[in-house]
file query23.cif (mmCIF, C-alpha atoms, pLDDT in the B column; chains and numbers go by the auth columns)
data_work
loop_
_atom_site.group_PDB
_atom_site.id
_atom_site.type_symbol
_atom_site.label_atom_id
_atom_site.label_comp_id
_atom_site.label_asym_id
_atom_site.label_seq_id
_atom_site.Cartn_x
_atom_site.Cartn_y
_atom_site.Cartn_z
_atom_site.B_iso_or_equiv
_atom_site.auth_seq_id
_atom_site.auth_asym_id
ATOM 1 C CA ARG A 1 -46.811 -124.831 53.261 71.00 1 V
ATOM 2 C CA LYS A 2 -50.046 -126.782 52.789 79.00 2 V
ATOM 3 C CA GLU A 3 -52.307 -125.649 49.954 88.00 3 V
ATOM 4 C CA VAL A 4 -55.277 -125.363 52.326 92.00 4 V
ATOM 5 C CA GLU A 5 -54.385 -124.960 55.972 93.00 5 V
ATOM 6 C CA GLN A 6 -56.581 -125.170 59.048 94.00 6 V
ATOM 7 C CA ASP A 7 -55.976 -125.160 62.774 88.00 7 V
ATOM 8 C CA PRO A 8 -56.727 -128.794 63.694 86.00 8 V
ATOM 9 C CA GLY A 9 -58.034 -127.852 67.144 87.00 9 V
ATOM 10 C CA PRO A 10 -59.650 -129.371 69.035 92.00 10 V
ATOM 11 C CA PHE A 11 -61.918 -126.516 69.962 95.00 11 V
ATOM 12 C CA ASN A 12 -63.931 -127.330 73.084 96.00 12 V
ATOM 13 C CA VAL A 13 -66.629 -124.757 73.752 97.00 13 V
ATOM 14 C CA PRO A 14 -69.678 -124.603 76.040 97.00 14 V
ATOM 15 C CA GLU A 15 -73.156 -124.724 74.598 98.00 15 V
ATOM 16 C CA GLY A 16 -74.288 -121.277 73.507 98.00 16 V
ATOM 17 C CA ALA A 17 -70.790 -120.013 72.811 97.00 17 V
ATOM 18 C CA THR A 18 -69.662 -118.360 69.611 97.00 18 V
ATOM 19 C CA VAL A 19 -66.744 -120.020 67.880 97.00 19 V
ATOM 20 C CA ALA A 20 -64.787 -119.076 64.765 96.00 20 V
ATOM 21 C CA PHE A 21 -62.519 -121.074 62.501 94.00 21 V
ATOM 22 C CA ASN A 22 -60.073 -119.718 59.970 94.00 22 V
ATOM 23 C CA CYS A 23 -58.573 -121.335 56.941 95.00 23 V
ATOM 24 C CA THR A 24 -55.797 -120.080 54.672 95.00 24 V
ATOM 25 C CA TYR A 25 -55.220 -121.079 51.061 93.00 25 V
ATOM 26 C CA SER A 26 -52.178 -120.843 48.879 90.00 26 V
ATOM 27 C CA ASN A 27 -53.478 -119.688 45.490 83.00 27 V
ATOM 28 C CA SER A 28 -54.658 -116.109 45.179 81.00 28 V
ATOM 29 C CA ALA A 29 -56.612 -116.911 42.000 81.00 29 V
ATOM 30 C CA SER A 30 -58.856 -119.459 43.720 83.00 30 V
ATOM 31 C CA GLN A 31 -62.490 -119.086 42.743 81.00 31 V
ATOM 32 C CA SER A 32 -64.719 -121.369 44.806 87.00 32 V
ATOM 33 C CA PHE A 33 -64.827 -121.861 48.533 92.00 33 V
ATOM 34 C CA PHE A 34 -66.869 -124.112 50.791 94.00 34 V
ATOM 35 C CA TRP A 35 -67.213 -125.334 54.323 96.00 35 V
ATOM 36 C CA TYR A 36 -68.014 -129.002 54.856 97.00 36 V
ATOM 37 C CA ARG A 37 -68.886 -130.768 58.051 97.00 37 V
ATOM 38 C CA GLN A 38 -67.853 -134.319 58.865 96.00 38 V
ATOM 39 C CA ASP A 39 -69.332 -136.226 61.770 96.00 39 V
ATOM 40 C CA CYS A 40 -67.369 -139.036 63.374 92.00 40 V
ATOM 41 C CA ARG A 41 -67.175 -142.053 61.052 90.00 41 V
ATOM 42 C CA LYS A 42 -69.436 -140.385 58.497 94.00 42 V
ATOM 43 C CA GLU A 43 -68.896 -138.833 55.093 96.00 43 V
ATOM 44 C CA PRO A 44 -68.299 -135.072 54.661 96.00 44 V
ATOM 45 C CA LYS A 45 -71.418 -133.044 53.947 96.00 45 V
ATOM 46 C CA LEU A 46 -71.637 -129.610 52.403 94.00 46 V
ATOM 47 C CA LEU A 47 -72.390 -127.027 55.078 96.00 47 V
ATOM 48 C CA MET A 48 -72.276 -123.888 52.994 94.00 48 V
ATOM 49 C CA SER A 49 -70.631 -122.164 50.079 92.00 49 V
ATOM 50 C CA VAL A 50 -68.605 -119.031 50.763 93.00 50 V
ATOM 51 C CA TYR A 51 -69.369 -116.010 48.634 89.00 51 V
ATOM 52 C CA SER A 52 -67.200 -112.953 48.078 88.00 52 V
ATOM 53 C CA SER A 53 -69.549 -110.672 49.988 89.00 53 V
ATOM 54 C CA GLY A 54 -69.887 -113.097 52.877 90.00 54 V
ATOM 55 C CA ASN A 55 -73.009 -115.091 53.585 94.00 55 V
ATOM 56 C CA GLU A 56 -75.100 -116.294 56.454 95.00 56 V
ATOM 57 C CA ASP A 57 -77.217 -119.383 56.992 94.00 57 V
ATOM 58 C CA GLY A 58 -78.978 -119.274 60.339 96.00 58 V
ATOM 59 C CA ARG A 59 -76.345 -119.461 63.050 98.00 59 V
ATOM 60 C CA PHE A 60 -73.524 -119.896 60.560 98.00 60 V
ATOM 61 C CA THR A 61 -71.652 -117.053 58.863 97.00 61 V
ATOM 62 C CA ALA A 62 -68.950 -117.538 56.265 97.00 62 V
ATOM 63 C CA GLN A 63 -66.564 -114.844 55.104 96.00 63 V
ATOM 64 C CA LEU A 64 -63.888 -114.579 52.465 95.00 64 V
ATOM 65 C CA ASN A 65 -60.847 -112.313 52.587 94.00 65 V
ATOM 66 C CA ARG A 66 -59.178 -112.513 49.189 91.00 66 V
ATOM 67 C CA ALA A 67 -56.411 -110.060 50.042 92.00 67 V
ATOM 68 C CA SER A 68 -55.230 -112.201 52.933 93.00 68 V
ATOM 69 C CA GLN A 69 -56.270 -115.484 51.315 93.00 69 V
ATOM 70 C CA TYR A 70 -58.369 -116.810 54.103 92.00 70 V
ATOM 71 C CA ILE A 71 -61.922 -117.849 54.745 96.00 71 V
ATOM 72 C CA SER A 72 -63.679 -118.052 58.051 96.00 72 V
ATOM 73 C CA LEU A 73 -66.663 -119.790 59.585 97.00 73 V
ATOM 74 C CA LEU A 74 -68.472 -118.323 62.579 97.00 74 V
ATOM 75 C CA ILE A 75 -70.935 -120.403 64.568 98.00 75 V
ATOM 76 C CA ARG A 76 -73.176 -118.507 66.977 98.00 76 V
ATOM 77 C CA ASP A 77 -75.157 -119.981 69.854 98.00 77 V
ATOM 78 C CA SER A 78 -73.430 -123.336 69.395 98.00 78 V
ATOM 79 C CA LYS A 79 -75.435 -126.513 69.965 98.00 79 V
ATOM 80 C CA LEU A 80 -74.311 -129.956 71.070 98.00 80 V
ATOM 81 C CA SER A 81 -75.206 -131.143 67.568 97.00 81 V
ATOM 82 C CA ASP A 82 -72.613 -128.796 66.075 98.00 82 V
ATOM 83 C CA SER A 83 -69.869 -131.108 67.380 98.00 83 V
ATOM 84 C CA ALA A 84 -68.043 -132.323 64.278 97.00 84 V
ATOM 85 C CA THR A 85 -64.977 -131.712 62.161 96.00 85 V
ATOM 86 C CA TYR A 86 -65.251 -128.696 59.878 97.00 86 V
ATOM 87 C CA LEU A 87 -63.426 -128.916 56.570 96.00 87 V
ATOM 88 C CA CYS A 88 -62.302 -125.896 54.586 95.00 88 V
ATOM 89 C CA VAL A 89 -62.526 -126.573 50.845 93.00 89 V
ATOM 90 C CA VAL A 90 -61.056 -124.466 48.038 91.00 90 V
ATOM 91 C CA ASN A 91 -60.788 -124.661 44.302 85.00 91 V
ATOM 92 C CA LEU A 92 -57.102 -123.945 43.771 79.00 92 V
ATOM 93 C CA SER A 93 -57.139 -122.239 40.407 65.00 93 V
ATOM 94 C CA GLY A 94 -55.819 -124.404 37.650 60.00 94 V
ATOM 95 C CA SER A 95 -56.134 -127.557 39.674 61.00 95 V
ATOM 96 C CA ALA A 96 -57.508 -130.505 37.755 57.00 96 V
ATOM 97 C CA ARG A 97 -58.526 -131.911 41.114 59.00 97 V
ATOM 98 C CA GLN A 98 -61.127 -129.225 41.246 70.00 98 V
ATOM 99 C CA LEU A 99 -61.487 -128.920 45.020 83.00 99 V
ATOM 100 C CA THR A 100 -58.810 -129.266 47.668 87.00 100 V
ATOM 101 C CA PHE A 101 -59.830 -130.202 51.206 91.00 101 V
ATOM 102 C CA GLY A 102 -58.172 -128.975 54.358 93.00 102 V
ATOM 103 C CA SER A 103 -57.442 -131.466 57.125 92.00 103 V
ATOM 104 C CA GLY A 104 -60.282 -130.138 59.244 94.00 104 V
ATOM 105 C CA THR A 105 -60.869 -128.423 62.569 95.00 105 V
ATOM 106 C CA GLN A 106 -62.441 -130.495 65.313 95.00 106 V
ATOM 107 C CA LEU A 107 -65.183 -128.874 67.366 97.00 107 V
ATOM 108 C CA THR A 108 -66.720 -130.286 70.522 97.00 108 V
ATOM 109 C CA VAL A 109 -69.614 -128.410 72.100 98.00 109 V
ATOM 110 C CA LEU A 110 -69.893 -129.250 75.780 97.00 110 V
ATOM 111 C CA PRO A 111 -73.111 -129.270 77.832 95.00 111 V
ATOM 112 C CA GLY B 1 -80.430 -142.066 42.286 53.00 1 O
ATOM 113 C CA ALA B 2 -81.126 -139.799 45.196 80.00 2 O
ATOM 114 C CA GLY B 3 -77.573 -139.833 46.450 93.00 3 O
ATOM 115 C CA VAL B 4 -74.136 -141.274 45.802 97.00 4 O
ATOM 116 C CA SER B 5 -74.220 -144.971 46.487 97.00 5 O
ATOM 117 C CA GLN B 6 -71.155 -147.004 47.399 98.00 6 O
ATOM 118 C CA SER B 7 -70.754 -150.715 47.848 97.00 7 O
ATOM 119 C CA PRO B 8 -69.833 -152.652 49.796 98.00 8 O
ATOM 120 C CA SER B 9 -70.154 -150.522 52.912 97.00 9 O
ATOM 121 C CA ASN B 10 -67.609 -152.699 54.697 97.00 10 O
ATOM 122 C CA LYS B 11 -64.988 -155.046 53.331 98.00 11 O
ATOM 123 C CA VAL B 12 -62.528 -157.216 55.218 98.00 12 O
ATOM 124 C CA THR B 13 -59.923 -158.870 53.056 98.00 13 O
ATOM 125 C CA GLU B 14 -56.745 -160.816 53.501 97.00 14 O
ATOM 126 C CA LYS B 15 -53.432 -159.235 52.657 97.00 15 O
ATOM 127 C CA GLY B 16 -52.505 -159.957 49.050 97.00 16 O
ATOM 128 C CA LYS B 17 -56.058 -160.294 47.762 98.00 17 O
ATOM 129 C CA ASP B 18 -57.619 -157.957 45.187 98.00 18 O
ATOM 130 C CA VAL B 19 -60.665 -155.843 46.032 98.00 19 O
ATOM 131 C CA GLU B 20 -63.101 -153.915 43.924 98.00 20 O
ATOM 132 C CA LEU B 21 -65.050 -150.959 45.274 98.00 21 O
ATOM 133 C CA ARG B 22 -68.058 -149.544 43.502 98.00 22 O
ATOM 134 C CA CYS B 23 -69.504 -146.056 43.277 98.00 23 O
ATOM 135 C CA ASP B 24 -72.826 -145.096 41.706 96.00 24 O
ATOM 136 C CA PRO B 25 -72.976 -141.300 41.375 95.00 25 O
ATOM 137 C CA ILE B 26 -76.006 -139.054 41.376 94.00 26 O
ATOM 138 C CA SER B 27 -77.739 -139.300 38.023 92.00 27 O
ATOM 139 C CA GLY B 28 -76.556 -136.559 35.670 89.00 28 O
ATOM 140 C CA HIS B 29 -73.394 -135.779 37.612 91.00 29 O
ATOM 141 C CA THR B 30 -70.567 -135.705 35.103 90.00 30 O
ATOM 142 C CA ALA B 31 -67.707 -135.439 37.586 90.00 31 O
ATOM 143 C CA LEU B 32 -66.735 -138.242 39.947 92.00 32 O
ATOM 144 C CA TYR B 33 -63.977 -138.337 42.571 93.00 33 O
ATOM 145 C CA TRP B 34 -62.359 -140.968 44.745 95.00 34 O
ATOM 146 C CA TYR B 35 -60.768 -140.111 48.074 95.00 35 O
ATOM 147 C CA ARG B 36 -59.179 -142.149 50.809 96.00 36 O
ATOM 148 C CA GLN B 37 -59.406 -141.340 54.501 95.00 37 O
ATOM 149 C CA ARG B 38 -57.312 -143.192 57.033 94.00 38 O
ATOM 150 C CA LEU B 39 -58.487 -143.269 60.621 90.00 39 O
ATOM 151 C CA GLY B 40 -58.138 -139.840 62.203 85.00 40 O
ATOM 152 C CA GLN B 41 -56.656 -138.347 59.049 88.00 41 O
ATOM 153 C CA GLY B 42 -57.818 -135.917 56.372 88.00 42 O
ATOM 154 C CA LEU B 43 -59.100 -136.692 52.901 91.00 43 O
ATOM 155 C CA GLU B 44 -56.501 -137.943 50.442 91.00 44 O
ATOM 156 C CA PHE B 45 -57.361 -137.347 46.774 90.00 45 O
ATOM 157 C CA LEU B 46 -57.002 -140.424 44.560 94.00 46 O
ATOM 158 C CA ILE B 47 -58.527 -139.782 41.129 92.00 47 O
ATOM 159 C CA TYR B 48 -60.992 -137.565 39.280 89.00 48 O
ATOM 160 C CA PHE B 49 -63.222 -138.502 36.340 91.00 49 O
ATOM 161 C CA GLN B 50 -64.925 -136.136 33.957 88.00 50 O
ATOM 162 C CA GLY B 51 -67.295 -138.400 32.076 87.00 51 O
ATOM 163 C CA ASN B 52 -65.330 -141.582 31.514 86.00 52 O
ATOM 164 C CA SER B 53 -61.951 -139.930 31.143 87.00 53 O
ATOM 165 C CA ALA B 54 -59.595 -139.329 34.055 84.00 54 O
ATOM 166 C CA PRO B 55 -57.826 -135.977 33.714 78.00 55 O
ATOM 167 C CA ASP B 56 -56.114 -136.406 37.054 80.00 56 O
ATOM 168 C CA LYS B 57 -54.832 -139.744 38.325 83.00 57 O
ATOM 169 C CA SER B 58 -51.974 -138.230 40.258 83.00 58 O
ATOM 170 C CA GLY B 59 -53.344 -139.219 43.627 89.00 59 O
ATOM 171 C CA LEU B 60 -53.265 -142.966 43.039 93.00 60 O
ATOM 172 C CA PRO B 61 -50.636 -144.133 45.558 93.00 61 O
ATOM 173 C CA SER B 62 -49.172 -146.986 43.521 93.00 62 O
ATOM 174 C CA ASP B 63 -49.712 -149.079 40.415 94.00 63 O
ATOM 175 C CA ARG B 64 -51.732 -151.490 42.557 97.00 64 O
ATOM 176 C CA PHE B 65 -54.537 -148.935 42.402 97.00 65 O
ATOM 177 C CA SER B 66 -56.652 -148.425 39.298 96.00 66 O
ATOM 178 C CA ALA B 67 -60.071 -146.999 38.537 96.00 67 O
ATOM 179 C CA GLU B 68 -62.541 -147.066 35.711 95.00 68 O
ATOM 180 C CA ARG B 69 -65.768 -145.314 34.926 94.00 69 O
ATOM 181 C CA THR B 70 -68.449 -146.329 32.483 87.00 70 O
ATOM 182 C CA GLY B 71 -69.718 -143.251 30.667 81.00 71 O
ATOM 183 C CA GLU B 72 -71.146 -140.876 33.241 80.00 72 O
ATOM 184 C CA SER B 73 -72.218 -143.714 35.444 90.00 73 O
ATOM 185 C CA VAL B 74 -70.708 -146.281 37.750 95.00 74 O
ATOM 186 C CA SER B 75 -67.071 -146.220 38.737 97.00 75 O
ATOM 187 C CA THR B 76 -64.972 -148.995 40.214 97.00 76 O
ATOM 188 C CA LEU B 77 -61.788 -148.608 42.196 97.00 77 O
ATOM 189 C CA THR B 78 -59.624 -151.719 42.172 98.00 78 O
ATOM 190 C CA ILE B 79 -56.825 -152.405 44.611 98.00 79 O
ATOM 191 C CA GLN B 80 -54.598 -155.332 43.707 98.00 80 O
ATOM 192 C CA ARG B 81 -52.484 -157.306 46.163 98.00 81 O
ATOM 193 C CA THR B 82 -53.861 -155.390 49.126 98.00 82 O
ATOM 194 C CA GLN B 83 -51.539 -154.348 51.921 97.00 83 O
ATOM 195 C CA GLN B 84 -52.350 -153.450 55.504 96.00 84 O
ATOM 196 C CA GLU B 85 -51.629 -149.786 54.818 96.00 85 O
ATOM 197 C CA ASP B 86 -54.521 -149.818 52.331 97.00 86 O
ATOM 198 C CA SER B 87 -56.920 -150.064 55.280 97.00 87 O
ATOM 199 C CA ALA B 88 -59.036 -146.909 55.196 97.00 88 O
ATOM 200 C CA VAL B 89 -62.429 -145.542 54.257 97.00 89 O
ATOM 201 C CA TYR B 90 -62.695 -145.029 50.515 98.00 90 O
ATOM 202 C CA LEU B 91 -65.062 -142.180 49.697 97.00 91 O
ATOM 203 C CA CYS B 92 -66.612 -141.418 46.353 97.00 92 O
ATOM 204 C CA ALA B 93 -68.125 -138.057 45.469 95.00 93 O
ATOM 205 C CA SER B 94 -69.886 -136.649 42.444 93.00 94 O
ATOM 206 C CA SER B 95 -70.776 -133.200 41.207 89.00 95 O
ATOM 207 C CA PRO B 96 -72.599 -131.671 38.249 86.00 96 O
ATOM 208 C CA GLY B 97 -69.197 -130.578 36.978 74.00 97 O
ATOM 209 C CA GLY B 98 -69.309 -126.905 37.785 69.00 98 O
ATOM 210 C CA LEU B 99 -67.203 -125.706 40.674 66.00 99 O
ATOM 211 C CA ALA B 100 -70.014 -123.678 42.178 70.00 100 O
ATOM 212 C CA TYR B 101 -71.797 -126.770 43.440 75.00 101 O
ATOM 213 C CA GLY B 102 -69.389 -128.559 45.704 83.00 102 O
ATOM 214 C CA TYR B 103 -69.407 -132.321 45.900 89.00 103 O
ATOM 215 C CA THR B 104 -71.864 -134.850 47.274 93.00 104 O
ATOM 216 C CA PHE B 105 -70.184 -137.771 48.998 96.00 105 O
ATOM 217 C CA GLY B 106 -71.281 -141.339 49.369 97.00 106 O
ATOM 218 C CA SER B 107 -71.114 -142.990 52.769 97.00 107 O
ATOM 219 C CA GLY B 108 -67.905 -144.761 51.863 97.00 108 O
ATOM 220 C CA THR B 109 -66.475 -148.259 51.875 98.00 109 O
ATOM 221 C CA ARG B 110 -64.563 -149.176 55.024 97.00 110 O
ATOM 222 C CA LEU B 111 -61.744 -151.469 53.924 98.00 111 O
ATOM 223 C CA THR B 112 -59.839 -153.525 56.440 98.00 112 O
ATOM 224 C CA VAL B 113 -56.862 -155.573 55.296 98.00 113 O
ATOM 225 C CA VAL B 114 -55.899 -158.305 57.758 97.00 114 O
#
call {"tool": "encode", "arguments": {"input": "query23.cif", "output": "structure tokens"}}
result
Amino acid sequence: RKEVEQDPGPFNVPEGATVAFNCTYSNSASQSFFWYRQDCRKEPKLLMSVYSSGNEDGRFTAQLNRASQYISLLIRDSKLSDSATYLCVVNLSGSARQLTFGSGTQLTVLP
Amino acid sequence: GAGVSQSPSNKVTEKGKDVELRCDPISGHTALYWYRQRLGQGLEFLIYFQGNSAPDKSGLPSDRFSAERTGESVSTLTIQRTQQEDSAVYLCASSPGGLAYGYTFGSGTRLTVV
């Protein structure tokens, strides 16, 4: 089992749709969680941190379920510019690597 | 600097040659990371520096790969006797050191071995 696992997609959704991605992680003691976005042939960029109580940033909502060891990202009213690969990122407790990146979920928003 | 700076942005080299990739982290960031990303693939961890020490080198794929960091500043990743399978984008990231902050990535060096 991968340490951080994501559905690779692709997710193809129409503009204005709501789309959700899940990510599972292997270590129940993990402390820090993030979502990154990576555009084609670009570097990953931090989209948002994920807090225990869940958090929202505009159209984006992130949630953490420690009991089931997954995090989610919800995008409402999707825009063409949301098309990218979304990376789930977790600090696996005790890891000297600090943060472990999932392989990403590809999203394409269609006009 | 304002962001993580990597150079060169593109490098084409002949098989068997050595290459050196440079990363200049955000000023004050104590932690520095190197990743590799092959075309269409996920991020592959290579090495992590805290200051100028490397607590985790476990991701370096072979002894042809080495990395150094000067204090809390510039890092270089050296690949000796390059092979075609080394072709990838090499990404550097830095962070203030605390896990609450996430990483900031540079725009990468695209290495092509011909």
call {"tool": "interface_residues", "arguments": {"input": "query23.cif", "of": "chain V", "to": "chain O", "cutoff": "8 Å", "atoms": "all atoms listed in the file", "output": "number ranges by chain"}}
result
V: 32, 34, 42-46, 49, 91, 96-99, 101-104
call {"tool": "atom_distance", "arguments": {"input": "query23.cif", "atom1": "atom CA of V:Ser81", "atom2": "atom CA of V:Val109"}}
result
7.7 Å
call {"tool": "axis_aligned_box", "arguments": {"input": "query23.cif", "around": "stretch 5-23 of chain V", "padding_each_side": "3 Å", "output": "lines of an AutoDock Vina configuration file"}}
result
center_x = -64.3
center_y = -123.9
center_z = 66.0
size_x = 25.9
size_y = 17.0
size_z = 26.1
call {"tool": "resolve_selection", "arguments": {"input": "query23.cif", "expression": "the PyMOL selection byres ((chain O and resi 21) around 10)", "output": "number ranges by chain"}}
result
O: 6-11, 19-20, 22-23, 67, 75-79, 90-92, 108-111
call {"tool": "residues_near_point", "arguments": {"input": "query23.cif", "point": "(-56.0, -128.5, 66.5)", "cutoff": "12 Å", "atoms": "only C-alpha atoms", "output": "list in words"}}
result
Glu5, Gln6, Asp7, Pro8, Gly9, Pro10, Phe11, Asn12, Phe21, Asn22, Thr85, Tyr86, Ser103, Gly104, Thr105, Gln106, Leu107 and Thr108 of chain V
call {"tool": "write_last_selection", "arguments": {"input": "query23.cif", "atoms": "C-alpha atoms", "output": "mmCIF file, in the frame of the given file"}}
result
data_model
loop_
_atom_site.group_PDB
_atom_site.id
_atom_site.type_symbol
_atom_site.label_atom_id
_atom_site.label_comp_id
_atom_site.auth_asym_id
_atom_site.auth_seq_id
_atom_site.Cartn_x
_atom_site.Cartn_y
_atom_site.Cartn_z
ATOM 1 C CA GLU V 5 -54.385 -124.960 55.972
ATOM 2 C CA GLN V 6 -56.581 -125.170 59.048
ATOM 3 C CA ASP V 7 -55.976 -125.160 62.774
ATOM 4 C CA PRO V 8 -56.727 -128.794 63.694
ATOM 5 C CA GLY V 9 -58.034 -127.852 67.144
ATOM 6 C CA PRO V 10 -59.650 -129.371 69.035
ATOM 7 C CA PHE V 11 -61.918 -126.516 69.962
ATOM 8 C CA ASN V 12 -63.931 -127.330 73.084
ATOM 9 C CA PHE V 21 -62.519 -121.074 62.501
ATOM 10 C CA ASN V 22 -60.073 -119.718 59.970
ATOM 11 C CA THR V 85 -64.977 -131.712 62.161
ATOM 12 C CA TYR V 86 -65.251 -128.696 59.878
ATOM 13 C CA SER V 103 -57.442 -131.466 57.125
ATOM 14 C CA GLY V 104 -60.282 -130.138 59.244
ATOM 15 C CA THR V 105 -60.869 -128.423 62.569
ATOM 16 C CA GLN V 106 -62.441 -130.495 65.313
ATOM 17 C CA LEU V 107 -65.183 -128.874 67.366
ATOM 18 C CA THR V 108 -66.720 -130.286 70.522
#
call {"tool": "residues_around", "arguments": {"input": "query23.cif", "residues": "O:Ser53", "least_positions_apart": "5", "cutoff": "10 Å", "atoms": "all atoms listed in the file", "output": "JSON, numbers by chain"}}
result
{"O": [31, 48, 68, 69, 70, 71, 72]}
call {"tool": "residues_around", "arguments": {"input": "query23.cif", "residues": "stretch 23-29 of chain V", "least_positions_apart": "3", "cutoff": "10 Å", "atoms": "all atoms listed in the file", "output": "mmCIF file with C-alpha atoms, in the frame of the given file"}}
result
data_model
loop_
_atom_site.group_PDB
_atom_site.id
_atom_site.type_symbol
_atom_site.label_atom_id
_atom_site.label_comp_id
_atom_site.auth_asym_id
_atom_site.auth_seq_id
_atom_site.Cartn_x
_atom_site.Cartn_y
_atom_site.Cartn_z
ATOM 1 C CA ARG V 1 -46.811 -124.831 53.261
ATOM 2 C CA LYS V 2 -50.046 -126.782 52.789
ATOM 3 C CA GLU V 3 -52.307 -125.649 49.954
ATOM 4 C CA VAL V 4 -55.277 -125.363 52.326
ATOM 5 C CA GLU V 5 -54.385 -124.960 55.972
ATOM 6 C CA GLN V 6 -56.581 -125.170 59.048
ATOM 7 C CA ASP V 7 -55.976 -125.160 62.774
ATOM 8 C CA SER V 32 -64.719 -121.369 44.806
ATOM 9 C CA PHE V 33 -64.827 -121.861 48.533
ATOM 10 C CA TRP V 35 -67.213 -125.334 54.323
ATOM 11 C CA LEU V 64 -63.888 -114.579 52.465
ATOM 12 C CA ASN V 65 -60.847 -112.313 52.587
ATOM 13 C CA ARG V 66 -59.178 -112.513 49.189
ATOM 14 C CA ALA V 67 -56.411 -110.060 50.042
ATOM 15 C CA SER V 68 -55.230 -112.201 52.933
ATOM 16 C CA GLN V 69 -56.270 -115.484 51.315
ATOM 17 C CA TYR V 70 -58.369 -116.810 54.103
ATOM 18 C CA ILE V 71 -61.922 -117.849 54.745
ATOM 19 C CA SER V 72 -63.679 -118.052 58.051
ATOM 20 C CA LEU V 73 -66.663 -119.790 59.585
ATOM 21 C CA LEU V 87 -63.426 -128.916 56.570
ATOM 22 C CA CYS V 88 -62.302 -125.896 54.586
ATOM 23 C CA VAL V 89 -62.526 -126.573 50.845
ATOM 24 C CA VAL V 90 -61.056 -124.466 48.038
ATOM 25 C CA ASN V 91 -60.788 -124.661 44.302
ATOM 26 C CA LEU V 92 -57.102 -123.945 43.771
ATOM 27 C CA SER V 93 -57.139 -122.239 40.407
ATOM 28 C CA GLY V 94 -55.819 -124.404 37.650
ATOM 29 C CA THR V 100 -58.810 -129.266 47.668
ATOM 30 C CA GLY V 102 -58.172 -128.975 54.358
ATOM 31 C CA GLY V 104 -60.282 -130.138 59.244
ATOM 32 C CA THR V 105 -60.869 -128.423 62.569
#
call {"tool": "atom_distance", "arguments": {"input": "query23.cif", "atom1": "atom CA of O:Arg64", "atom2": "atom CA of O:Gln83"}}
result
9.8 Å
call {"tool": "atom_distance", "arguments": {"input": "query23.cif", "atom1": "atom CA of O:Asp24", "atom2": "atom CA of O:Pro96"}}
result
13.9 Å
call {"tool": "closest_residue", "arguments": {"input": "query23.cif", "among": "O:Asn52, O:Val12, O:Ser73, O:Gly28", "to": "O:Ala88", "atoms": "only C-alpha atoms"}}
result
O:Val12
call {"tool": "resolve_selection", "arguments": {"input": "query23.cif", "expression": "the PyMOL selection byres ((chain V and resi 54-60) around 6)", "output": "list in words"}}
result
Tyr51, Ser52, Ser53, Thr61, Ala62, Gln63, Leu74, Ile75 and Arg76 of chain V
call {"tool": "resolve_selection", "arguments": {"input": "query23.cif", "expression": "the PyMOL selection byres ((chain O and resi 13) around 7)", "output": "list of chain:residue names"}}
result
O:Lys11, O:Val12, O:Glu14, O:Lys15, O:Lys17, O:Thr112, O:Val113, O:Val114
call {"tool": "closest_residue", "arguments": {"input": "query23.cif", "among": "V:Asp82, V:Asp39, V:Val50, V:Pro111", "to": "V:Pro14", "atoms": "all atoms listed in the file"}}
result
V:Pro111
call {"tool": "closest_residue", "arguments": {"input": "query23.cif", "among": "O:Ser62, O:Thr30, O:Ser5, O:Ser87", "to": "O:Gln50", "atoms": "only C-alpha atoms"}}
result
O:Thr30
call {"tool": "closest_residue", "arguments": {"input": "query23.cif", "among": "O:Gln80, O:Phe65, O:Val74, O:Leu32", "to": "O:Ser95", "atoms": "only C-alpha atoms"}}
result
O:Leu32
